[in-house]
Amino acid sequence: MTSDTADIPPVGTAPARSEPVAAPARRGVLAHPAFAMLGIVLASLNMRAALAGVSPLMSEIGGHFHLSAATSSLVTTIPLVFMGLGSIVAPRLARRFGTEAVLCGALLLLCGGILLRVAPPVVALFAGCALVGTAIALLNVLMPGLVKRDFPDRAASMTALYSTTLILGATGSAALSVPLENALGGWRGSLASWALLAAVAALVWLPQAVLTRRGAARPDAPAGSSAGFAAGSSVGSAAASASAVHAGEGPRLTRSPLAWQVTLMMGTQSLIAYVCIAWMPTIFTDHGMSKGGAGLVYAFYTLVQMAGSFFVPLLAGRMRDQRVPVVAVVALMAAGVTGLLIAPVAGAWVWATLMGVAQGGLLGLALTFMVLRTRDAHTASRLSGMAQTWGYLLASVGPFAIGWVYGATDSWTLPVSLLLVACAALLFLGLGAGRDRKI
């Protein structure tokens, strides 16, 4: 395999001696991979649930606080912005405190942010949104490195599992938000209920965080081994741990064309996803579909994303070169967007199916590339931070820009056509990121 940049030596080639990497502390609590898998699944369920449950309740939230439409949109925009900004600090926090500790802290922060959103003052609503976005950013960034570290031989299948679980959490939250509102006496009860899911996940990660931190202080543990774990270094690999200890070591991602291809692919697919979250139901209702029907089609679109997010990474993981699945999922997305442009209501279920499977596949590929295009877990974590920092900041522009174009033209023709431009960009970026290269 060739490196993306010839002047950058492979990470971790310098150290020659081998030594254990804080294994005793972790092996004691994770004797079975199923325990690590449980933690990953529970964390993944929380990575979108707190966001997806807001949209169906937006009118109630806005009406309660007497917010304008523009101000109400901040409830979804603020988390997205902080998902980008929070990604900047995630690798540094992981190196300092350990991956397990930061994951546990992120879940506790998420729990607090969810509860803060339902506090009486309106400022608490927006402050809670910022905390929720920051917590999700930490989970987003650390998960690829964690998967590469703990499941190096099954990275693609584990990526498929956690990306599918992520979508399952979003789908369940969107579907249950209104029933929970009715059962719990209002929108506050519905939103607050998702704090329980975050608290359960935090309890699962707590013993791992404590034991890993204690393992770092053991007399027989190598100096700096906790930092190696924090960055996601492979157990038993002295080379990877050495690169993880020093934040400055490793390839300079901002100088790597491959890193930017993965980053911009992540951002572009996220842009399409959040445009659909914001505007897909409105597109259907503006063309004559009932509000209830539009909601069902949108829920179905979210549900079928699980098929793409599960099977596409599994297929991609069996290949050395992933350009074929890139072309396939982008073609599905372009076909669905074209149908949405030509006959939005008549073929709504078909377009929702095509776009949903493609969206799940694109997310799965973007996350898989963070693992497959890197040489070690430390670099995977750093690439994840870069991709999700710039990716979510790029994605935050999409819903507002599409809404502005729609307002200026009073038609969905040009806004939907712009999604085809995004598909063309995805094809270009995916063909680059899908080649068999490593950073």
# chains A, B, ... in the order shown; residues from 1 in each chain; ligands from 1
>>> residues_around(residues="Ala307 (chain A)", least_positions_apart="4", cutoff="9 Å", atoms="only C-alpha atoms", output="list in words")
Thr164, Leu303, Phe311, Val312, Gly356, Val357, Gly360 and Gly361 of chain A
>>> residues_around(residues="Gly364 (chain A)", least_positions_apart="6", cutoff="10 Å", atoms="only C-alpha atoms", output="ChimeraX atom specification")
/A:156,159-164,266,305-306,308-314,316,358
>>> write_last_selection(atoms="C-alpha atoms", output="CSV table (one decimal), in the first residue's frame")
chain,number,residue,atom,x,y,z
A,156,ALA,CA,-15.4,-2.5,9.2
A,159,THR,CA,-18.2,0.5,12.2
A,160,ALA,CA,-21.3,-1.0,10.5
A,161,LEU,CA,-22.7,-1.9,13.9
A,162,TYR,CA,-22.2,1.5,15.5
A,163,SER,CA,-23.3,3.5,12.5
A,164,THR,CA,-26.5,1.4,12.3
A,266,MET,CA,-17.9,13.5,5.6
A,305,GLN,CA,-30.8,4.3,6.4
A,306,MET,CA,-30.0,1.4,8.7
A,308,GLY,CA,-27.2,1.2,4.0
A,309,SER,CA,-25.2,2.0,7.1
A,310,PHE,CA,-24.9,-1.7,8.0
A,311,PHE,CA,-24.3,-3.5,4.7
A,312,VAL,CA,-22.2,-0.9,2.8
A,313,PRO,CA,-19.4,-0.8,5.4
A,314,LEU,CA,-19.4,-4.6,5.6
A,316,ALA,CA,-16.4,-2.0,1.8
A,358,ALA,CA,-27.8,5.9,0.0
>>> closest_residue(among="A:Met58, A:Ala209, A:Val178, A:Ala192", to="Ala119 (chain A)", atoms="only C-alpha atoms")
A:Ala192
>>> atom_distance(atom1="CA of Thr165 (chain A)", atom2="CA of Leu340 (chain A)")
27.3 Å
>>> atom_distance(atom1="CA of Val122 (chain A)", atom2="CA of Thr71 (chain A)")
11.1 Å
>>> select_by_dssp(residues="region 144-352 of chain A", states="alpha helix (DSSP H)", output="ChimeraX atom specification")
/A:144-150,155-184,187-192,194-216,225-231,238-245,257-286,291-317,323-342,348-352
>>> closest_residue(among="A:Gly98, A:Ile167, A:Gly128, A:Ala377", to="Asp150 (chain A)", atoms="only C-alpha atoms")
A:Ala377
>>> residues_around(residues="Tyr301 (chain A)", least_positions_apart="2", cutoff="9 Å", atoms="only C-alpha atoms", output="ChimeraX atom specification")
/A:296-299,303-305,349,351-357
>>> closest_residue(among="A:Val405, A:Ala201, A:Leu166, A:Leu426", to="Thr268 (chain A)", atoms="only C-alpha atoms")
A:Leu426
>>> atom_distance(atom1="CA of Leu362 (chain A)", atom2="CA of Met265 (chain A)")
8.6 Å
>>> residues_around(residues="Asp153 (chain A)", least_positions_apart="5", cutoff="12 Å", atoms="only C-alpha atoms", output="PyMOL selection string")
chain A and resi 147-148+158-159+234+317-318+371-372
>>> write_last_selection(atoms="N, CA and C atoms", output="PDB file, in the first residue's frame")
ATOM      1  N   VAL A 147     -12.875   1.888  17.951  1.00  0.00           N
ATOM      2  CA  VAL A 147     -13.146   0.683  17.157  1.00  0.00           C
ATOM      3  C   VAL A 147     -11.852   0.111  16.589  1.00  0.00           C
ATOM      4  N   LYS A 148     -10.984   0.978  16.057  1.00  0.00           N
ATOM      5  CA  LYS A 148      -9.738   0.496  15.473  1.00  0.00           C
ATOM      6  C   LYS A 148      -8.819  -0.103  16.531  1.00  0.00           C
ATOM      7  N   MET A 158     -17.537  -3.587  12.896  1.00  0.00           N
ATOM      8  CA  MET A 158     -17.895  -2.811  14.077  1.00  0.00           C
ATOM      9  C   MET A 158     -18.337  -1.396  13.696  1.00  0.00           C
ATOM     10  N   THR A 159     -17.725  -0.829  12.659  1.00  0.00           N
ATOM     11  CA  THR A 159     -18.191   0.466  12.166  1.00  0.00           C
ATOM     12  C   THR A 159     -19.623   0.355  11.665  1.00  0.00           C
ATOM     13  N   SER A 234      -3.119   0.682  19.609  1.00  0.00           N
ATOM     14  CA  SER A 234      -3.404  -0.739  19.633  1.00  0.00           C
ATOM     15  C   SER A 234      -2.712  -1.378  20.820  1.00  0.00           C
ATOM     16  N   GLY A 317     -15.415  -3.160   3.729  1.00  0.00           N
ATOM     17  CA  GLY A 317     -14.340  -3.736   4.510  1.00  0.00           C
ATOM     18  C   GLY A 317     -13.723  -4.965   3.882  1.00  0.00           C
ATOM     19  N   ARG A 318     -14.431  -5.600   2.960  1.00  0.00           N
ATOM     20  CA  ARG A 318     -13.906  -6.779   2.271  1.00  0.00           C
ATOM     21  C   ARG A 318     -13.107  -6.412   1.033  1.00  0.00           C
ATOM     22  N   VAL A 371     -11.152   4.780   9.383  1.00  0.00           N
ATOM     23  CA  VAL A 371     -10.440   3.616   9.907  1.00  0.00           C
ATOM     24  C   VAL A 371      -9.530   2.999   8.844  1.00  0.00           C
ATOM     25  N   LEU A 372     -10.062   2.790   7.643  1.00  0.00           N
ATOM     26  CA  LEU A 372      -9.321   2.079   6.610  1.00  0.00           C
ATOM     27  C   LEU A 372      -8.205   2.908   5.994  1.00  0.00           C
TER      28      LEU A 372
END
>>> closest_residue(among="A:Val345, A:Pro399, A:Phe428, A:Gly288", to="Val327 (chain A)", atoms="only C-alpha atoms")
A:Phe428
>>> closest_residue(among="A:Ala273, A:Val337, A:Leu196, A:Ala395", to="Val421 (chain A)", atoms="only C-alpha atoms")
A:Val337
>>> residues_around(residues="Val275 (chain A)", least_positions_apart="6", cutoff="10 Å", atoms="only C-alpha atoms", output="MDAnalysis selection string")
chainID A and resid 269 395:403 415:416 419
>>> write_last_selection(atoms="N, CA, C and O atoms", output="PDB file, in the first residue's frame")
ATOM      1  N   GLN A 269     -21.698  14.691   2.809  1.00  0.00           N
ATOM      2  CA  GLN A 269     -22.805  13.772   3.085  1.00  0.00           C
ATOM      3  C   GLN A 269     -23.605  14.258   4.287  1.00  0.00           C
ATOM      4  O   GLN A 269     -24.820  14.084   4.335  1.00  0.00           O
ATOM      5  N   ALA A 395     -21.628  21.225   7.189  1.00  0.00           N
ATOM      6  CA  ALA A 395     -23.024  20.773   7.171  1.00  0.00           C
ATOM      7  C   ALA A 395     -23.965  21.807   7.760  1.00  0.00           C
ATOM      8  O   ALA A 395     -25.121  21.924   7.327  1.00  0.00           O
ATOM      9  N   SER A 396     -23.501  22.602   8.730  1.00  0.00           N
ATOM     10  CA  SER A 396     -24.370  23.592   9.367  1.00  0.00           C
ATOM     11  C   SER A 396     -24.809  24.679   8.395  1.00  0.00           C
ATOM     12  O   SER A 396     -25.812  25.356   8.630  1.00  0.00           O
ATOM     13  N   VAL A 397     -24.062  24.845   7.313  1.00  0.00           N
ATOM     14  CA  VAL A 397     -24.422  25.857   6.310  1.00  0.00           C
ATOM     15  C   VAL A 397     -25.598  25.392   5.452  1.00  0.00           C
ATOM     16  O   VAL A 397     -26.395  26.205   4.978  1.00  0.00           O
ATOM     17  N   GLY A 398     -25.716  24.078   5.257  1.00  0.00           N
ATOM     18  CA  GLY A 398     -26.670  23.529   4.294  1.00  0.00           C
ATOM     19  C   GLY A 398     -28.123  23.903   4.515  1.00  0.00           C
ATOM     20  O   GLY A 398     -28.765  24.474   3.621  1.00  0.00           O
ATOM     21  N   PRO A 399     -28.705  23.582   5.676  1.00  0.00           N
ATOM     22  CA  PRO A 399     -30.127  23.880   5.871  1.00  0.00           C
ATOM     23  C   PRO A 399     -30.461  25.363   5.697  1.00  0.00           C
ATOM     24  O   PRO A 399     -31.471  25.702   5.078  1.00  0.00           O
ATOM     25  N   PHE A 400     -29.604  26.256   6.241  1.00  0.00           N
ATOM     26  CA  PHE A 400     -29.868  27.683   6.105  1.00  0.00           C
ATOM     27  C   PHE A 400     -29.769  28.122   4.645  1.00  0.00           C
ATOM     28  O   PHE A 400     -30.609  28.883   4.148  1.00  0.00           O
ATOM     29  N   ALA A 401     -28.713  27.639   3.940  1.00  0.00           N
ATOM     30  CA  ALA A 401     -28.510  28.048   2.545  1.00  0.00           C
ATOM     31  C   ALA A 401     -29.664  27.584   1.661  1.00  0.00           C
ATOM     32  O   ALA A 401     -30.170  28.342   0.813  1.00  0.00           O
ATOM     33  N   ILE A 402     -30.092  26.347   1.841  1.00  0.00           N
ATOM     34  CA  ILE A 402     -31.196  25.825   1.033  1.00  0.00           C
ATOM     35  C   ILE A 402     -32.481  26.588   1.340  1.00  0.00           C
ATOM     36  O   ILE A 402     -33.266  26.925   0.434  1.00  0.00           O
ATOM     37  N   GLY A 403     -32.709  26.894   2.616  1.00  0.00           N
ATOM     38  CA  GLY A 403     -33.890  27.673   2.974  1.00  0.00           C
ATOM     39  C   GLY A 403     -33.851  29.074   2.383  1.00  0.00           C
ATOM     40  O   GLY A 403     -34.875  29.606   1.949  1.00  0.00           O
ATOM     41  N   PRO A 415     -33.280  24.786  -5.176  1.00  0.00           N
ATOM     42  CA  PRO A 415     -32.696  24.175  -3.969  1.00  0.00           C
ATOM     43  C   PRO A 415     -32.438  22.681  -4.108  1.00  0.00           C
ATOM     44  O   PRO A 415     -31.381  22.191  -3.729  1.00  0.00           O
ATOM     45  N   VAL A 416     -33.404  21.935  -4.666  1.00  0.00           N
ATOM     46  CA  VAL A 416     -33.204  20.499  -4.840  1.00  0.00           C
ATOM     47  C   VAL A 416     -32.129  20.227  -5.883  1.00  0.00           C
ATOM     48  O   VAL A 416     -31.335  19.287  -5.757  1.00  0.00           O
ATOM     49  N   LEU A 419     -28.723  19.963  -4.539  1.00  0.00           N
ATOM     50  CA  LEU A 419     -28.344  18.683  -3.952  1.00  0.00           C
ATOM     51  C   LEU A 419     -27.677  17.779  -4.978  1.00  0.00           C
ATOM     52  O   LEU A 419     -26.831  16.947  -4.640  1.00  0.00           O
TER      53      LEU A 419
END
>>> closest_residue(among="A:Thr338, A:Thr254, A:Ser157, A:Gln388", to="Val89 (chain A)", atoms="only C-alpha atoms")
A:Gln388
